[in-house]
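Since the structure comes first, as structure tokens, the remarks are kept for the end.
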Amino acid sequence: MPTASQQAARMLSGVIQKPADELAAMLIRPPKPEMGDLGFPCFTLSKELKKAPPQIAQELASQLSAIEPFAEIKAVGPYVNFFLSTAAVVESSAKAVLADPDAWGTSSDGAGKTVVIDYSSPNIAKPLGVHHIRSTMIGSGLSRLYAACGYKVVTVNHLGDWGTNFGQLMVSYKRAEAENPNQSVDIDELLKLYIRFHADAENDESLEEEARGWFKKLEDGDAEAVRLWKIFVEESLKGLKKLYTRLNVSFDVYAGESFFNDKMEATVGRIEKAGLLEESEGAMVVDLETDGMPPCLIRKRDGATTYATRDLSAAEYRHSEYNFNKCLYVVANQQELHFRQVFRVLEKMGHDWAKGCEHVKFGMLSFGKGVFGEEKATGSTRKGHVVFLEDVIDKAVDAAKKIILENARDEEVTAGAETLAEQVGIGAVIFSEYLQRRQKDVVFTWEKALNLQGDSGPYLQYTHARLSSVLRKYGKALPAADAIDWSRLGTSLEKGVLMAIAEYPAAVSRATSENEPAVVADYLLGLCAEFNRMFTDKENHRIVTDDEALSQARAGLVEAVRLTLHNGLALLGLAAPERM
Ligand code: ARG
């Protein structure tokens with residue numbers, strides 16, 4: 001169902017000959033109730049039409065007749081003002097939410113379609129750094145959004161579990177083992193081995209050679225190399241999954257780069273059969289000059305396959321296995337060329353479905369001054385310049401716990417402080433990823449990471465708890481949605497809240513079509529702001545009154561906001577506490 005602003009924009013579009021989207025973006029919420037519920041300013045048109053804004057407003061208003069959901073449309077000064085009929089907005093907001101809370105915000109837009117989402121996909125054998133939060137959260141947000149829109153979703157973790165870095169780990173593991181036969185290999189130890197390798201290699205060039213030797217052994221199936229590789233992968237996965245669970249993230253499939261070791265031969269064969277494989281300086285490539293790109297490297301001079309070969313194989317595998325309509329790769333901007341090359345090669349191979357592959361890019365995370373106690377941080381794990389995601393989460397949870405205990409007003413909050421702190425601290429970490437559009441670069445600072453106030457996950461969670469508390473105070477069960485006398489609502493602030501609720505399904509579908517979970521985050525902040533405007537005007541919006549029908553309608557409105565917020569938080573992977 002179109003929202004009130006969409007309908008106003010459509011009506012205007014019929015008389016102004018401009019696209020409805022453009023007009024919708026111009027609509028404002030008038031500051032005073034007597035100015036209506038939506039206002040269309042005529043200033044910009046004034047230049048084009050060479051007429052005074054009030055005259056344009058008069059002319060437009062006279063051409064529009066008030067049909068649902070509007071009760072009246074009239075010119076007031078330089079604005080065309082739209083007055084909503086409460087009954088009409090109620091249908092597409094509060095009533096719809098209460099009638100079927102679970103279905104609120106879902107659609108069947110994607111019915112019968114499958115989307116594969118490749119996200120997080122870290123290079124393992126070292127703990128997750130804070131930058132991994134980007135792909136991890138954007139991807140998991142998208143997986144829930146697509147599911148809400150009726151798609152069948154397959155989430156894939158394309159782990160970086162193969163490469164010379166495993167050879168490096170083997171070298172330093174062997175050295176450490178020689179010093180201490182009980183050398184352990186948990187994830188923390190792996191990081192030490194990694195740092196040790198790079199420190200040692202600075203003074204000893206032969207180590208790189210030795211590492212390549214170990215990797216070659218691994219590729220050839222040498223028993224000791226394979227044994228160590230398996231241990232490294234297993235230990236990394238243990239640490240990784242622990243974190244994923246805390247972040248409310250999961251995958252249907254873990255199919256890392258190594259999974260394609262025995263599948264690439266066939267892929268390379270198909271590339272060759274399509275007449276695309278060429279030799280270039282001893283390596284095998286697909287020329288992409290006519291596409292304005294450097295050649296895509298398929299086999300290196302030493303015969304080794306590449307990151308691109310694995311991705312080509314993975315795409316073919318995903319298509320044959322899941323028959324996807326879309327395959328999304330949630331990966332940083334830096335890999336843009338890589339994905340353009342891979343998608344182009346797939347097309348050249350005759351894979352029509354490659355059109356469904358999309359690189360969902362995001363900006364870089366860099367480190368602010370002082371994060372590593374020096375002017376310029378390199379963010380390089382090798383130098384130990386790394387902020388671990390787990391540390392960020394732990395610190396956020398600690399900060400949340402402190403605030404919760406300081407402000408706890410009832411026993412129940414104090415008793416549940418541990419769980420609540422985990423929900424709120426993690427809520428802050430997750431939500432900070434959704435505060436900006438994904439393409440924007442982000443600068444990590446501890447102040448920002450640990451900020452639990454302002455536009456944040458905890459603010460939304462707190463609003464949810466507050467709504468729950470209002471309903472607890474009301475204390476009565478609500479009747480069925482159509483037994484509530486919604487016509488009792490009608491102040492402009494109530495209509496504002498109703499309109500905000502009605503926008504939710506559109507926000508979900510826009511977030512999905514733009515692959516931008518931030519749209520939902522933004523929407524939820526707006527919804528809470530609208531609710532708080534009403535809530536602050538206590539005098540006129542009491543819930544407990546002598547007039548039970550009025551109380552019911554207001555409690556119904558509060559419950560509809562709460563459910564919308566609850567569903568939105570769930571889409572983003574945040575808990576919705578009832579007390580805080
Ligand atoms: N492991 C890669 C990295 O950390 C990202 C993998 C993304 N997915 C893919 N299919 N290439 O840079």
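How things are named: the first chain in the structure tokens is A, the next is B, and so on; residues count from 1 in each chain; ligands count from 1 in the order shown.
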- Task: All residues within 9 Å of ligand 1 are required, counting only C-alpha atoms and all ligand atoms; please report them as a ChimeraX atom specification.
- Result: /A:118-124,132,156-161,256-257,307-308,310-312,314-315,329-332,334-335,338-339
- Pull the alpha helix (DSSP H) assignments for region 191-357 of chain A out of DSSP run on the backbone, and list those residues as a count of residues only. 90
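Residues in contact range of Ala9 (chain A), defined as at most 8 Å between only C-alpha atoms, with sequence neighbours fewer than 4 positions away removed, read A:Ser5, A:Ser13, A:Ala20, A:Asp21, A:Leu23, A:Ala24, A:Leu27.
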- Atom pair CA of Ser107 (chain A) + CA of Lys18 (chain A), distance 28.6 Å
- Message: Need the shell around Phe70 (chain A): protein/DNA/RNA residues with any atom at most 7 Å away, counting only C-alpha atoms. Skip same-chain ones fewer than 3 positions apart. Format as a PyMOL selection string?
- Response: chain A and resi 66-67+82-85
Would you mind exporting C-alpha atoms of the selected residues as a PDB file, in the first residue's frame?
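Result went into out-v1.pdb, see below:
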```
ATOM      1  CA  ALA A  66      -9.278  15.408  -1.592  1.00  0.00           C
ATOM      2  CA  ILE A  67      -9.522  11.672  -2.035  1.00  0.00           C
ATOM      3  CA  PHE A  82      -2.605  17.976   2.878  1.00  0.00           C
ATOM      4  CA  PHE A  83      -4.859  17.004   5.790  1.00  0.00           C
ATOM      5  CA  LEU A  84      -4.990  13.275   6.388  1.00  0.00           C
ATOM      6  CA  SER A  85      -8.106  11.376   7.227  1.00  0.00           C
TER       7      SER A  85
END
```
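In terms of minimum interatomic distance to Trp104 (chain A), A:Ala506 ranks closest within A:Met580, A:Ala428, A:Ala506, A:Met26, counting only C-alpha atoms.
Assigned to strand (DSSP E or B) in region 317-529 of chain A, given DSSP computed from backbone atoms, are A:Lys326, A:Cys327, A:Leu328, A:Tyr329, A:Val330, A:Val331, A:Ala332, A:Cys357, A:Glu358, A:His359, A:Val360, A:Lys361, A:Phe362, A:Leu365, A:Ser366, A:Phe367, A:Phe388, A:Val442, A:Val443, A:Phe444.
Closest approach to Ile195 (chain A) among A:Val386, A:Gly275, A:Glu265, A:Thr155: A:Val386, based on only C-alpha atoms.
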- Which residues come within 9 Å of Cys327 (chain A), counting only C-alpha atoms, excluding same-chain residues fewer than 5 positions away, as an MDAnalysis selection string? chainID A and resid 114:118 315 318:319 354 356:359
Saved selection, atoms kept: N, CA, C and O atoms, as a PDB file, in the first residue's frame:
```pdb
ATOM      1  N   THR A 114      15.673 -16.809  -5.527  1.00  0.00           N
ATOM      2  CA  THR A 114      16.730 -17.163  -4.581  1.00  0.00           C
ATOM      3  C   THR A 114      17.863 -16.148  -4.660  1.00  0.00           C
ATOM      4  O   THR A 114      18.267 -15.753  -5.756  1.00  0.00           O
ATOM      5  N   VAL A 115      18.340 -15.735  -3.493  1.00  0.00           N
ATOM      6  CA  VAL A 115      19.499 -14.850  -3.476  1.00  0.00           C
ATOM      7  C   VAL A 115      20.590 -15.495  -2.620  1.00  0.00           C
ATOM      8  O   VAL A 115      20.326 -15.999  -1.527  1.00  0.00           O
ATOM      9  N   VAL A 116      21.804 -15.542  -3.185  1.00  0.00           N
ATOM     10  CA  VAL A 116      22.953 -16.039  -2.434  1.00  0.00           C
ATOM     11  C   VAL A 116      23.691 -14.804  -1.927  1.00  0.00           C
ATOM     12  O   VAL A 116      23.895 -13.853  -2.677  1.00  0.00           O
ATOM     13  N   ILE A 117      24.031 -14.800  -0.648  1.00  0.00           N
ATOM     14  CA  ILE A 117      24.760 -13.646  -0.110  1.00  0.00           C
ATOM     15  C   ILE A 117      26.083 -14.110   0.490  1.00  0.00           C
ATOM     16  O   ILE A 117      26.114 -14.903   1.422  1.00  0.00           O
ATOM     17  N   ASP A 118      27.160 -13.638  -0.117  1.00  0.00           N
ATOM     18  CA  ASP A 118      28.515 -13.965   0.322  1.00  0.00           C
ATOM     19  C   ASP A 118      28.969 -12.813   1.201  1.00  0.00           C
ATOM     20  O   ASP A 118      29.091 -11.689   0.729  1.00  0.00           O
ATOM     21  N   ALA A 315      31.369 -19.149  -8.258  1.00  0.00           N
ATOM     22  CA  ALA A 315      30.146 -18.624  -8.869  1.00  0.00           C
ATOM     23  C   ALA A 315      29.430 -19.737  -9.634  1.00  0.00           C
ATOM     24  O   ALA A 315      28.212 -19.905  -9.520  1.00  0.00           O
ATOM     25  N   ARG A 318      27.879 -22.094  -7.114  1.00  0.00           N
ATOM     26  CA  ARG A 318      26.673 -21.521  -6.489  1.00  0.00           C
ATOM     27  C   ARG A 318      25.496 -21.549  -7.450  1.00  0.00           C
ATOM     28  O   ARG A 318      24.371 -21.815  -7.051  1.00  0.00           O
ATOM     29  N   HIS A 319      25.788 -21.243  -8.709  1.00  0.00           N
ATOM     30  CA  HIS A 319      24.665 -21.251  -9.627  1.00  0.00           C
ATOM     31  C   HIS A 319      24.105 -22.645  -9.811  1.00  0.00           C
ATOM     32  O   HIS A 319      22.893 -22.854  -9.810  1.00  0.00           O
ATOM     33  N   ALA A 354      25.246 -14.565 -15.009  1.00  0.00           N
ATOM     34  CA  ALA A 354      26.231 -13.669 -14.381  1.00  0.00           C
ATOM     35  C   ALA A 354      25.652 -12.275 -14.173  1.00  0.00           C
ATOM     36  O   ALA A 354      26.120 -11.518 -13.320  1.00  0.00           O
ATOM     37  N   GLY A 356      23.114 -11.634 -12.722  1.00  0.00           N
ATOM     38  CA  GLY A 356      22.559 -11.596 -11.365  1.00  0.00           C
ATOM     39  C   GLY A 356      23.629 -11.415 -10.291  1.00  0.00           C
ATOM     40  O   GLY A 356      23.309 -11.308  -9.112  1.00  0.00           O
ATOM     41  N   CYS A 357      24.905 -11.400 -10.701  1.00  0.00           N
ATOM     42  CA  CYS A 357      25.980 -11.237  -9.710  1.00  0.00           C
ATOM     43  C   CYS A 357      26.210  -9.758  -9.452  1.00  0.00           C
ATOM     44  O   CYS A 357      26.253  -8.957 -10.382  1.00  0.00           O
ATOM     45  N   GLU A 358      26.352  -9.413  -8.209  1.00  0.00           N
ATOM     46  CA  GLU A 358      26.507  -8.002  -7.891  1.00  0.00           C
ATOM     47  C   GLU A 358      27.501  -7.814  -6.746  1.00  0.00           C
ATOM     48  O   GLU A 358      27.442  -8.517  -5.740  1.00  0.00           O
ATOM     49  N   HIS A 359      28.402  -6.861  -6.948  1.00  0.00           N
ATOM     50  CA  HIS A 359      29.352  -6.530  -5.883  1.00  0.00           C
ATOM     51  C   HIS A 359      28.710  -5.454  -5.006  1.00  0.00           C
ATOM     52  O   HIS A 359      28.528  -4.333  -5.446  1.00  0.00           O
TER      53      HIS A 359
END
```
- Query: What lies within 8 Å of Ile484 (chain A) using only C-alpha atoms, ignoring chain neighbours under 4 positions off, as a PyMOL selection string?
  - Reply: chain A and resi 479-480+549+552-553+556
- Message: Please determine, counting only C-alpha atoms, which residue among A:Ala449, A:Leu240, A:Ile501, A:Val268 has the shortest atom-to-atom distance to Gly368 (chain A).
- Response: A:Ala449
Write out as an mmCIF file with all heavy atoms, in the first residue's frame the residues lying within 8 Å of region 283-285 of chain A, counting only C-alpha atoms and excluding same-chain residues fewer than 6 positions away.
```cif
data_model
loop_
_atom_site.group_PDB
_atom_site.id
_atom_site.type_symbol
_atom_site.label_atom_id
_atom_site.label_comp_id
_atom_site.auth_asym_id
_atom_site.auth_seq_id
_atom_site.Cartn_x
_atom_site.Cartn_y
_atom_site.Cartn_z
ATOM 1 N N LEU A 277 41.090 -18.566 -22.930
ATOM 2 C CA LEU A 277 42.361 -18.699 -22.217
ATOM 3 C C LEU A 277 43.546 -18.355 -23.124
ATOM 4 O O LEU A 277 43.675 -18.905 -24.212
ATOM 5 C CB LEU A 277 42.482 -20.132 -21.692
ATOM 6 C CG LEU A 277 43.340 -20.337 -20.456
ATOM 7 C CD1 LEU A 277 42.829 -19.526 -19.282
ATOM 8 C CD2 LEU A 277 43.385 -21.827 -20.101
ATOM 9 N N PRO A 295 44.040 -7.847 -17.875
ATOM 10 C CA PRO A 295 43.680 -9.269 -18.015
ATOM 11 C C PRO A 295 43.363 -9.911 -16.663
ATOM 12 O O PRO A 295 43.912 -9.505 -15.641
ATOM 13 C CB PRO A 295 44.925 -9.907 -18.627
ATOM 14 C CG PRO A 295 45.983 -8.879 -18.650
ATOM 15 C CD PRO A 295 45.397 -7.550 -18.345
ATOM 16 N N CYS A 296 42.458 -10.888 -16.702
ATOM 17 C CA CYS A 296 42.113 -11.617 -15.476
ATOM 18 C C CYS A 296 43.057 -12.816 -15.378
ATOM 19 O O CYS A 296 43.084 -13.679 -16.264
ATOM 20 C CB CYS A 296 40.656 -12.071 -15.550
ATOM 21 S SG CYS A 296 40.101 -12.945 -14.084
ATOM 22 N N LEU A 297 43.844 -12.854 -14.308
ATOM 23 C CA LEU A 297 44.855 -13.896 -14.142
ATOM 24 C C LEU A 297 44.201 -15.197 -13.673
ATOM 25 O O LEU A 297 43.548 -15.236 -12.633
ATOM 26 C CB LEU A 297 45.887 -13.410 -13.100
ATOM 27 C CG LEU A 297 47.108 -14.280 -12.844
ATOM 28 C CD1 LEU A 297 47.915 -14.482 -14.122
ATOM 29 C CD2 LEU A 297 47.986 -13.649 -11.752
ATOM 30 N N ILE A 298 44.369 -16.252 -14.477
ATOM 31 C CA ILE A 298 43.734 -17.531 -14.166
ATOM 32 C C ILE A 298 44.735 -18.508 -13.547
ATOM 33 O O ILE A 298 44.418 -19.228 -12.608
ATOM 34 C CB ILE A 298 43.128 -18.166 -15.454
ATOM 35 C CG1 ILE A 298 42.119 -17.197 -16.095
ATOM 36 C CG2 ILE A 298 42.481 -19.512 -15.160
ATOM 37 C CD1 ILE A 298 40.877 -16.918 -15.271
ATOM 38 N N ARG A 299 45.915 -18.544 -14.130
ATOM 39 C CA ARG A 299 46.970 -19.423 -13.608
ATOM 40 C C ARG A 299 48.277 -18.656 -13.602
ATOM 41 O O ARG A 299 48.640 -18.054 -14.611
ATOM 42 C CB ARG A 299 47.119 -20.632 -14.533
ATOM 43 C CG ARG A 299 46.917 -21.936 -13.855
ATOM 44 C CD ARG A 299 47.329 -23.037 -14.808
ATOM 45 N NE ARG A 299 46.238 -23.976 -15.081
ATOM 46 C CZ ARG A 299 45.726 -24.805 -14.172
ATOM 47 N NH1 ARG A 299 46.165 -24.795 -12.939
ATOM 48 N NH2 ARG A 299 44.770 -25.635 -14.501
ATOM 49 N N LYS A 300 48.955 -18.673 -12.467
ATOM 50 C CA LYS A 300 50.242 -17.977 -12.405
ATOM 51 C C LYS A 300 51.302 -18.768 -13.156
ATOM 52 O O LYS A 300 51.068 -19.907 -13.559
ATOM 53 C CB LYS A 300 50.677 -17.804 -10.944
ATOM 54 C CG LYS A 300 49.755 -16.909 -10.155
ATOM 55 C CD LYS A 300 50.325 -16.696 -8.749
ATOM 56 C CE LYS A 300 49.219 -16.207 -7.827
ATOM 57 N NZ LYS A 300 49.531 -16.470 -6.419
ATOM 58 N N ARG A 301 52.469 -18.129 -13.303
ATOM 59 C CA ARG A 301 53.538 -18.781 -14.049
ATOM 60 C C ARG A 301 53.915 -20.144 -13.457
ATOM 61 O O ARG A 301 54.235 -21.074 -14.176
ATOM 62 C CB ARG A 301 54.777 -17.888 -14.081
ATOM 63 C CG ARG A 301 55.097 -17.516 -15.519
ATOM 64 C CD ARG A 301 56.355 -16.718 -15.595
ATOM 65 N NE ARG A 301 56.147 -15.408 -14.954
ATOM 66 C CZ ARG A 301 57.070 -14.459 -14.966
ATOM 67 N NH1 ARG A 301 58.240 -14.679 -15.541
ATOM 68 N NH2 ARG A 301 56.840 -13.304 -14.396
ATOM 69 N N ASP A 302 53.848 -20.260 -12.125
ATOM 70 C CA ASP A 302 54.203 -21.536 -11.501
ATOM 71 C C ASP A 302 53.023 -22.528 -11.525
ATOM 72 O O ASP A 302 53.065 -23.580 -10.895
ATOM 73 C CB ASP A 302 54.671 -21.308 -10.060
ATOM 74 C CG ASP A 302 53.579 -20.705 -9.180
ATOM 75 O OD1 ASP A 302 52.444 -20.544 -9.669
ATOM 76 O OD2 ASP A 302 53.854 -20.402 -8.005
ATOM 77 N N GLY A 303 51.966 -22.184 -12.238
ATOM 78 C CA GLY A 303 50.843 -23.116 -12.373
ATOM 79 C C GLY A 303 49.770 -22.933 -11.312
ATOM 80 O O GLY A 303 48.680 -23.496 -11.411
#
```
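With distances restricted to only C-alpha atoms, A:Pro505 is the closest residue to Pro2 (chain A) from A:Asn261, A:Lys192, A:Lys242, A:Pro505.
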- Message: Please determine, counting only C-alpha atoms, which residue among A:Glu514, A:Glu22, A:Ser492, A:Arg246 has the shortest atom-to-atom distance to Arg10 (chain A).
- Response: A:Glu22
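Closest approach to Gly350 (chain A) from the set A:Arg554, A:Lys174, A:Lys401, A:Arg270 is made by A:Arg270, with distances taken over only C-alpha atoms.
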